[in-house]
$ cat model_35.txt   # compact mmCIF, C-alpha atoms
# COMPACT_ATOMS: atom_id res chain seq x y z
CA MET B 72 -29.54 14.07 -50.31
CA THR B 73 -27.99 12.23 -47.40
CA THR B 74 -29.75 9.68 -45.29
CA PRO B 75 -29.64 10.14 -41.52
CA ARG B 76 -27.35 7.81 -39.61
CA ALA B 77 -28.90 5.20 -37.42
CA VAL B 78 -28.19 5.87 -33.76
CA PRO B 79 -27.16 2.71 -31.92
CA PRO B 80 -29.34 1.89 -28.94
CA ARG B 81 -27.97 2.85 -25.52
CA VAL B 82 -26.43 0.02 -23.58
CA PRO B 83 -27.40 -0.09 -19.90
CA PRO B 84 -24.46 0.64 -17.56
CA ALA B 85 -24.49 -2.86 -16.08
CA GLU B 86 -23.94 -4.36 -19.53
CA ARG B 87 -21.14 -2.04 -20.72
CA GLY B 88 -18.30 -4.00 -19.19
CA ALA B 89 -16.07 -3.56 -16.20
CA THR B 90 -12.80 -2.00 -15.22
CA ARG B 91 -10.36 -4.42 -13.66
CA ILE B 92 -7.46 -3.17 -11.58
CA ALA B 93 -4.55 -5.61 -11.44
CA ASP B 94 -3.53 -7.02 -8.07
CA ARG B 95 -0.01 -5.58 -8.48
CA VAL B 96 -1.45 -2.08 -8.93
CA VAL B 97 -3.45 -2.41 -5.72
CA ALA B 98 -0.28 -3.72 -4.02
CA LYS B 99 1.61 -0.60 -5.11
CA ILE B 100 -1.16 1.59 -3.72
CA ALA B 101 -1.02 -0.30 -0.41
CA ALA B 102 2.79 -0.06 -0.16
CA GLN B 103 2.70 3.67 -0.86
CA ALA B 104 -0.02 4.11 1.77
CA ALA B 105 2.15 2.29 4.31
CA ARG B 106 5.07 4.61 3.49
CA GLU B 107 2.76 7.62 3.93
CA ALA B 108 1.53 6.38 7.31
CA LEU B 109 5.04 5.73 8.63
CA ALA B 110 6.36 9.06 7.36
CA ALA B 111 3.53 10.90 9.15
CA ARG B 112 4.54 9.52 12.57
CA PRO B 113 5.99 12.00 15.08
CA GLY B 114 9.76 12.31 14.96
CA GLY B 115 10.04 12.38 11.20
CA PRO B 116 10.19 9.64 8.62
CA PRO B 117 11.62 6.37 9.93
CA ARG B 118 14.04 4.28 7.93
CA THR B 119 11.09 2.47 6.31
CA ALA B 120 9.79 5.63 4.64
CA GLY B 121 12.53 5.74 2.03
CA ALA B 122 13.30 3.60 -0.94
CA GLY B 123 15.40 0.48 -0.77
CA ALA B 124 15.38 -2.66 1.28
CA GLY B 125 13.57 -1.04 4.21
CA ALA B 126 10.64 0.25 2.16
CA PRO B 127 7.30 -1.45 2.81
CA HIS B 128 6.07 -3.86 0.18
CA ALA B 129 2.65 -5.38 -0.20
CA THR B 130 0.93 -8.37 -1.72
CA VAL B 131 -2.74 -8.28 -2.54
CA THR B 132 -5.40 -10.77 -3.50
CA VAL B 133 -8.48 -9.29 -5.13
CA HIS B 134 -11.76 -11.18 -5.47
CA HIS B 135 -14.56 -9.14 -7.00
CA ASP B 136 -14.16 -5.71 -5.36
CA ILE B 137 -12.66 -7.00 -2.11
CA ALA B 138 -8.90 -6.71 -1.54
CA ARG B 139 -7.03 -8.75 1.05
CA VAL B 140 -3.76 -6.99 1.78
CA ARG B 141 -0.50 -8.14 3.39
CA VAL B 142 2.17 -5.50 4.02
CA SER B 143 5.76 -6.31 5.01
CA LEU B 144 7.63 -3.52 6.74
CA GLU B 145 10.38 -2.50 9.10
CA LEU B 146 9.74 -0.37 12.19
CA ASP B 147 11.78 1.75 14.55
CA TYR B 148 12.21 0.43 18.08
CA PRO B 149 11.64 1.35 20.84
CA SER B 150 8.41 3.00 19.84
CA ASP B 151 4.69 2.42 20.08
CA LEU B 152 4.51 -0.51 17.65
CA ALA B 153 0.75 -0.91 18.06
CA ALA B 154 0.15 2.73 17.13
CA GLN B 155 2.42 2.44 14.08
CA CYS B 156 0.60 -0.71 12.94
CA ALA B 157 -2.81 0.90 13.48
CA ALA B 158 -1.73 3.94 11.45
CA VAL B 159 -0.50 1.72 8.60
CA ARG B 160 -3.69 -0.36 8.59
CA SER B 161 -6.03 2.63 8.53
CA GLN B 162 -4.03 4.45 5.83
CA VAL B 163 -3.89 1.33 3.63
CA VAL B 164 -7.65 0.81 3.95
CA ARG B 165 -8.37 4.48 3.22
CA ARG B 166 -6.07 4.76 0.18
CA VAL B 167 -7.11 1.46 -1.45
CA GLU B 168 -10.79 2.34 -1.00
CA GLU B 169 -10.37 5.83 -2.50
CA CYS B 170 -7.90 4.97 -5.29
CA ALA B 171 -9.18 1.56 -6.38
CA SER B 172 -12.78 1.61 -5.10
CA MET B 173 -12.26 -1.69 -3.33
CA SER B 174 -13.25 -2.65 0.18
CA VAL B 175 -10.46 -3.89 2.41
CA PRO B 176 -11.78 -6.10 5.21
CA GLU B 177 -8.33 -6.98 6.52
CA VAL B 178 -4.75 -5.76 6.38
CA ASP B 179 -2.15 -8.23 7.66
CA LEU B 180 1.19 -6.77 8.71
CA ASP B 181 4.49 -8.65 8.69
CA ILE B 182 7.12 -6.80 10.69
CA GLU B 183 10.34 -8.09 9.19
CA HIS B 184 12.82 -6.02 11.21
CA LEU B 185 12.94 -3.68 14.17
CA HIS B 186 15.54 -0.92 13.98
CA SER B 187 16.95 0.78 17.05
CA ALA B 188 18.99 3.98 17.07
CA HIS B 189 22.06 1.75 17.52
CA THR B 190 21.38 -0.33 14.38
CA ARG B 191 20.70 2.82 12.33
CA THR B 192 24.02 4.34 13.47
CA ALA B 193 25.84 1.12 12.58
CA ALA B 194 24.17 1.02 9.15
CA VAL B 195 25.22 4.60 8.41
CA ARG B 196 28.77 3.83 9.54
CA ASP B 197 28.88 0.73 7.31
CA ARG B 198 27.68 2.75 4.30
CA LYS B 199 30.42 5.32 4.84
CA LEU B 200 33.10 2.60 4.91
CA ARG B 201 32.10 1.19 1.52
$ encode --input "model_35.txt" --output "structure tokens"
Amino acid sequence: MTTPRAVPPRVPPAERGATRIADRVVAKIAAQAAREALAARPGGPPRTAGAGAGAPHATVTVHHDIARVRVSLELDYPSDLAAQCAAVRSQVVRRVEECASMSVPEVDLDIEHLHSAHTRTAAVRDRKLR
């Protein structure tokens, strides 16, 4: 005859532990969101939408479930820079909230370079010469 196993008592959800998402993971989510926002702009993906030196990169500081995000990117010029920045900010907030369940009270943008049609043509020409 076997004795019944003792069932451990249920632990309340608040006492079970927590899931922690690393800052670098949230930064990757934010950088991808910036790429998505820039690729969705009219006129096709700008130079920043691809991989390489022109791709957006992000740094994030997380405290509790609040993420402070800084995204560095390059933009096409002339264009509506304010609209591009607004699109990046809203997409970063939306994606970090849905993927990491963190609130994002601020997204700081560092525009490192502005690229005109002339600089893109020169860059393509330089690549062909190498």
$ residues_around --input "model_35.txt" --residues "stretch 137-144 of chain B" --least-positions-apart "4" --cutoff "8 Å" --atoms "only C-alpha atoms" --output "PyMOL selection string"
chain B and resi 98+101-102+105+119+125-133+173-184
$ axis_aligned_box --input "model_35.txt" --around "stretch 131-150 of chain B" --padding-each-side "6 Å" --output "JSON"
{"center_x": -1.2, "center_y": -4.1, "center_z": 6.9, "size_x": 38.8, "size_y": 26.2, "size_z": 39.8}
$ atom_distance --input "model_35.txt" --atom1 "atom CA of B:Asp151" --atom2 "atom CA of B:Leu109"
11.9 Å
$ atom_distance --input "model_35.txt" --atom1 "atom CA of B:Leu185" --atom2 "atom CA of B:Glu168"
28.8 Å
$ residues_near_point --input "model_35.txt" --point "(5.2, 4.9, 10.0)" --cutoff "6 Å" --atoms "all atoms listed in the file" --output "PyMOL selection string"
chain B and resi 108-110+112+155
$ residues_near_point --input "model_35.txt" --point "(-5.3, 2.3, 0.8)" --cutoff "9 Å" --atoms "only C-alpha atoms" --output "list in words"
Val97, Ile100, Ala101, Ala102, Gln103, Ala104, Ala105, Arg160, Ser161, Gln162, Val163, Val164, Arg165, Arg166, Val167, Glu168, Glu169, Cys170, Ala171 and Val175 of chain B
$ residues_around --input "model_35.txt" --residues "B:Ala188" --least-positions-apart "6" --cutoff "9 Å" --atoms "only C-alpha atoms" --output "PyMOL selection string"
chain B and resi 147-149
$ atom_distance --input "model_35.txt" --atom1 "atom CA of B:Arg95" --atom2 "atom CA of B:His134"
13.4 Å
$ closest_residue --input "model_35.txt" --among "B:Ser150, B:Thr90, B:Thr73, B:Ser187" --to "B:Asp136" --atoms "all atoms listed in the file"
B:Thr90
$ residues_around --input "model_35.txt" --residues "B:Ala89" --least-positions-apart "3" --cutoff "12 Å" --atoms "only C-alpha atoms" --output "PyMOL selection string"
chain B and resi 84-86+92+135-136
$ build_atoms --input "model_35.txt" --residues "stretch 140-151 of chain B" --atoms "all heavy atoms" --output "PDB file, in the frame of the given file"
ATOM      1  N   VAL B 140      -5.072  -7.611   1.889  1.00  0.00           N
ATOM      2  CA  VAL B 140      -3.760  -6.990   1.780  1.00  0.00           C
ATOM      3  C   VAL B 140      -2.822  -7.517   2.852  1.00  0.00           C
ATOM      4  O   VAL B 140      -3.212  -7.694   4.002  1.00  0.00           O
ATOM      5  CB  VAL B 140      -3.884  -5.448   1.931  1.00  0.00           C
ATOM      6  CG1 VAL B 140      -2.530  -4.782   1.800  1.00  0.00           C
ATOM      7  CG2 VAL B 140      -4.857  -4.884   0.907  1.00  0.00           C
ATOM      8  N   ARG B 141      -1.570  -7.771   2.455  1.00  0.00           N
ATOM      9  CA  ARG B 141      -0.500  -8.140   3.390  1.00  0.00           C
ATOM     10  C   ARG B 141       0.653  -7.190   3.107  1.00  0.00           C
ATOM     11  O   ARG B 141       1.131  -7.096   1.983  1.00  0.00           O
ATOM     12  CB  ARG B 141      -0.063  -9.581   3.196  1.00  0.00           C
ATOM     13  CG  ARG B 141       1.103  -9.974   4.109  1.00  0.00           C
ATOM     14  CD  ARG B 141       1.459 -11.449   3.970  1.00  0.00           C
ATOM     15  NE  ARG B 141       0.373 -12.315   4.388  1.00  0.00           N
ATOM     16  CZ  ARG B 141       0.155 -12.715   5.650  1.00  0.00           C
ATOM     17  NH1 ARG B 141       0.954 -12.303   6.607  1.00  0.00           N
ATOM     18  NH2 ARG B 141      -0.845 -13.501   5.939  1.00  0.00           N
ATOM     19  N   VAL B 142       1.084  -6.467   4.149  1.00  0.00           N
ATOM     20  CA  VAL B 142       2.170  -5.500   4.020  1.00  0.00           C
ATOM     21  C   VAL B 142       3.341  -5.958   4.880  1.00  0.00           C
ATOM     22  O   VAL B 142       3.170  -6.270   6.054  1.00  0.00           O
ATOM     23  CB  VAL B 142       1.721  -4.083   4.466  1.00  0.00           C
ATOM     24  CG1 VAL B 142       2.862  -3.093   4.333  1.00  0.00           C
ATOM     25  CG2 VAL B 142       0.519  -3.614   3.658  1.00  0.00           C
ATOM     26  N   SER B 143       4.530  -6.001   4.280  1.00  0.00           N
ATOM     27  CA  SER B 143       5.760  -6.310   5.010  1.00  0.00           C
ATOM     28  C   SER B 143       6.513  -5.004   5.210  1.00  0.00           C
ATOM     29  O   SER B 143       6.679  -4.228   4.263  1.00  0.00           O
ATOM     30  CB  SER B 143       6.625  -7.289   4.219  1.00  0.00           C
ATOM     31  OG  SER B 143       5.939  -8.498   4.044  1.00  0.00           O
ATOM     32  N   LEU B 144       6.966  -4.779   6.452  1.00  0.00           N
ATOM     33  CA  LEU B 144       7.630  -3.520   6.740  1.00  0.00           C
ATOM     34  C   LEU B 144       8.635  -3.659   7.862  1.00  0.00           C
ATOM     35  O   LEU B 144       8.716  -4.683   8.522  1.00  0.00           O
ATOM     36  CB  LEU B 144       6.607  -2.427   7.063  1.00  0.00           C
ATOM     37  CG  LEU B 144       5.463  -2.761   8.014  1.00  0.00           C
ATOM     38  CD1 LEU B 144       5.847  -2.539   9.455  1.00  0.00           C
ATOM     39  CD2 LEU B 144       4.279  -1.892   7.672  1.00  0.00           C
ATOM     40  N   GLU B 145       9.411  -2.603   8.027  1.00  0.00           N
ATOM     41  CA  GLU B 145      10.380  -2.500   9.100  1.00  0.00           C
ATOM     42  C   GLU B 145       9.987  -1.304   9.956  1.00  0.00           C
ATOM     43  O   GLU B 145       9.536  -0.297   9.425  1.00  0.00           O
ATOM     44  CB  GLU B 145      11.785  -2.326   8.536  1.00  0.00           C
ATOM     45  CG  GLU B 145      12.219  -3.496   7.667  1.00  0.00           C
ATOM     46  CD  GLU B 145      13.582  -3.306   7.043  1.00  0.00           C
ATOM     47  OE1 GLU B 145      14.256  -2.291   7.349  1.00  0.00           O
ATOM     48  OE2 GLU B 145      13.984  -4.161   6.257  1.00  0.00           O
ATOM     49  N   LEU B 146      10.150  -1.437  11.276  1.00  0.00           N
ATOM     50  CA  LEU B 146       9.740  -0.370  12.190  1.00  0.00           C
ATOM     51  C   LEU B 146      10.892   0.035  13.093  1.00  0.00           C
ATOM     52  O   LEU B 146      11.797  -0.754  13.359  1.00  0.00           O
ATOM     53  CB  LEU B 146       8.549  -0.820  13.044  1.00  0.00           C
ATOM     54  CG  LEU B 146       7.262  -1.168  12.316  1.00  0.00           C
ATOM     55  CD1 LEU B 146       6.228  -1.701  13.306  1.00  0.00           C
ATOM     56  CD2 LEU B 146       6.720   0.026  11.571  1.00  0.00           C
ATOM     57  N   ASP B 147      10.822   1.274  13.570  1.00  0.00           N
ATOM     58  CA  ASP B 147      11.780   1.750  14.550  1.00  0.00           C
ATOM     59  C   ASP B 147      11.400   1.202  15.920  1.00  0.00           C
ATOM     60  O   ASP B 147      10.220   1.023  16.226  1.00  0.00           O
ATOM     61  CB  ASP B 147      11.779   3.277  14.603  1.00  0.00           C
ATOM     62  CG  ASP B 147      12.488   3.880  13.406  1.00  0.00           C
ATOM     63  OD1 ASP B 147      13.334   3.181  12.804  1.00  0.00           O
ATOM     64  OD2 ASP B 147      12.205   5.034  13.078  1.00  0.00           O
ATOM     65  N   TYR B 148      12.444   0.952  16.734  1.00  0.00           N
ATOM     66  CA  TYR B 148      12.210   0.430  18.080  1.00  0.00           C
ATOM     67  C   TYR B 148      13.230   1.065  18.997  1.00  0.00           C
ATOM     68  O   TYR B 148      14.370   1.245  18.593  1.00  0.00           O
ATOM     69  CB  TYR B 148      12.368  -1.092  18.076  1.00  0.00           C
ATOM     70  CG  TYR B 148      12.037  -1.711  19.398  1.00  0.00           C
ATOM     71  CD1 TYR B 148      10.717  -1.951  19.744  1.00  0.00           C
ATOM     72  CD2 TYR B 148      13.040  -2.026  20.307  1.00  0.00           C
ATOM     73  CE1 TYR B 148      10.403  -2.504  20.965  1.00  0.00           C
ATOM     74  CE2 TYR B 148      12.724  -2.579  21.524  1.00  0.00           C
ATOM     75  CZ  TYR B 148      11.412  -2.821  21.849  1.00  0.00           C
ATOM     76  OH  TYR B 148      11.094  -3.357  23.064  1.00  0.00           O
ATOM     77  N   PRO B 149      12.942   1.465  20.175  1.00  0.00           N
ATOM     78  CA  PRO B 149      11.640   1.350  20.840  1.00  0.00           C
ATOM     79  C   PRO B 149      10.700   2.438  20.365  1.00  0.00           C
ATOM     80  O   PRO B 149      11.107   3.570  20.118  1.00  0.00           O
ATOM     81  CB  PRO B 149      11.976   1.522  22.313  1.00  0.00           C
ATOM     82  CG  PRO B 149      13.217   2.343  22.317  1.00  0.00           C
ATOM     83  CD  PRO B 149      13.960   2.009  21.059  1.00  0.00           C
ATOM     84  N   SER B 150       9.480   2.073  20.209  1.00  0.00           N
ATOM     85  CA  SER B 150       8.410   3.000  19.840  1.00  0.00           C
ATOM     86  C   SER B 150       7.092   2.295  20.114  1.00  0.00           C
ATOM     87  O   SER B 150       7.069   1.130  20.489  1.00  0.00           O
ATOM     88  CB  SER B 150       8.521   3.392  18.367  1.00  0.00           C
ATOM     89  OG  SER B 150       8.337   2.267  17.539  1.00  0.00           O
ATOM     90  N   ASP B 151       6.013   3.002  19.889  1.00  0.00           N
ATOM     91  CA  ASP B 151       4.690   2.420  20.080  1.00  0.00           C
ATOM     92  C   ASP B 151       4.348   1.607  18.821  1.00  0.00           C
ATOM     93  O   ASP B 151       3.803   2.140  17.853  1.00  0.00           O
ATOM     94  CB  ASP B 151       3.668   3.519  20.326  1.00  0.00           C
ATOM     95  CG  ASP B 151       2.313   2.977  20.719  1.00  0.00           C
ATOM     96  OD1 ASP B 151       2.095   1.747  20.617  1.00  0.00           O
ATOM     97  OD2 ASP B 151       1.459   3.786  21.123  1.00  0.00           O
TER      98      ASP B 151
END
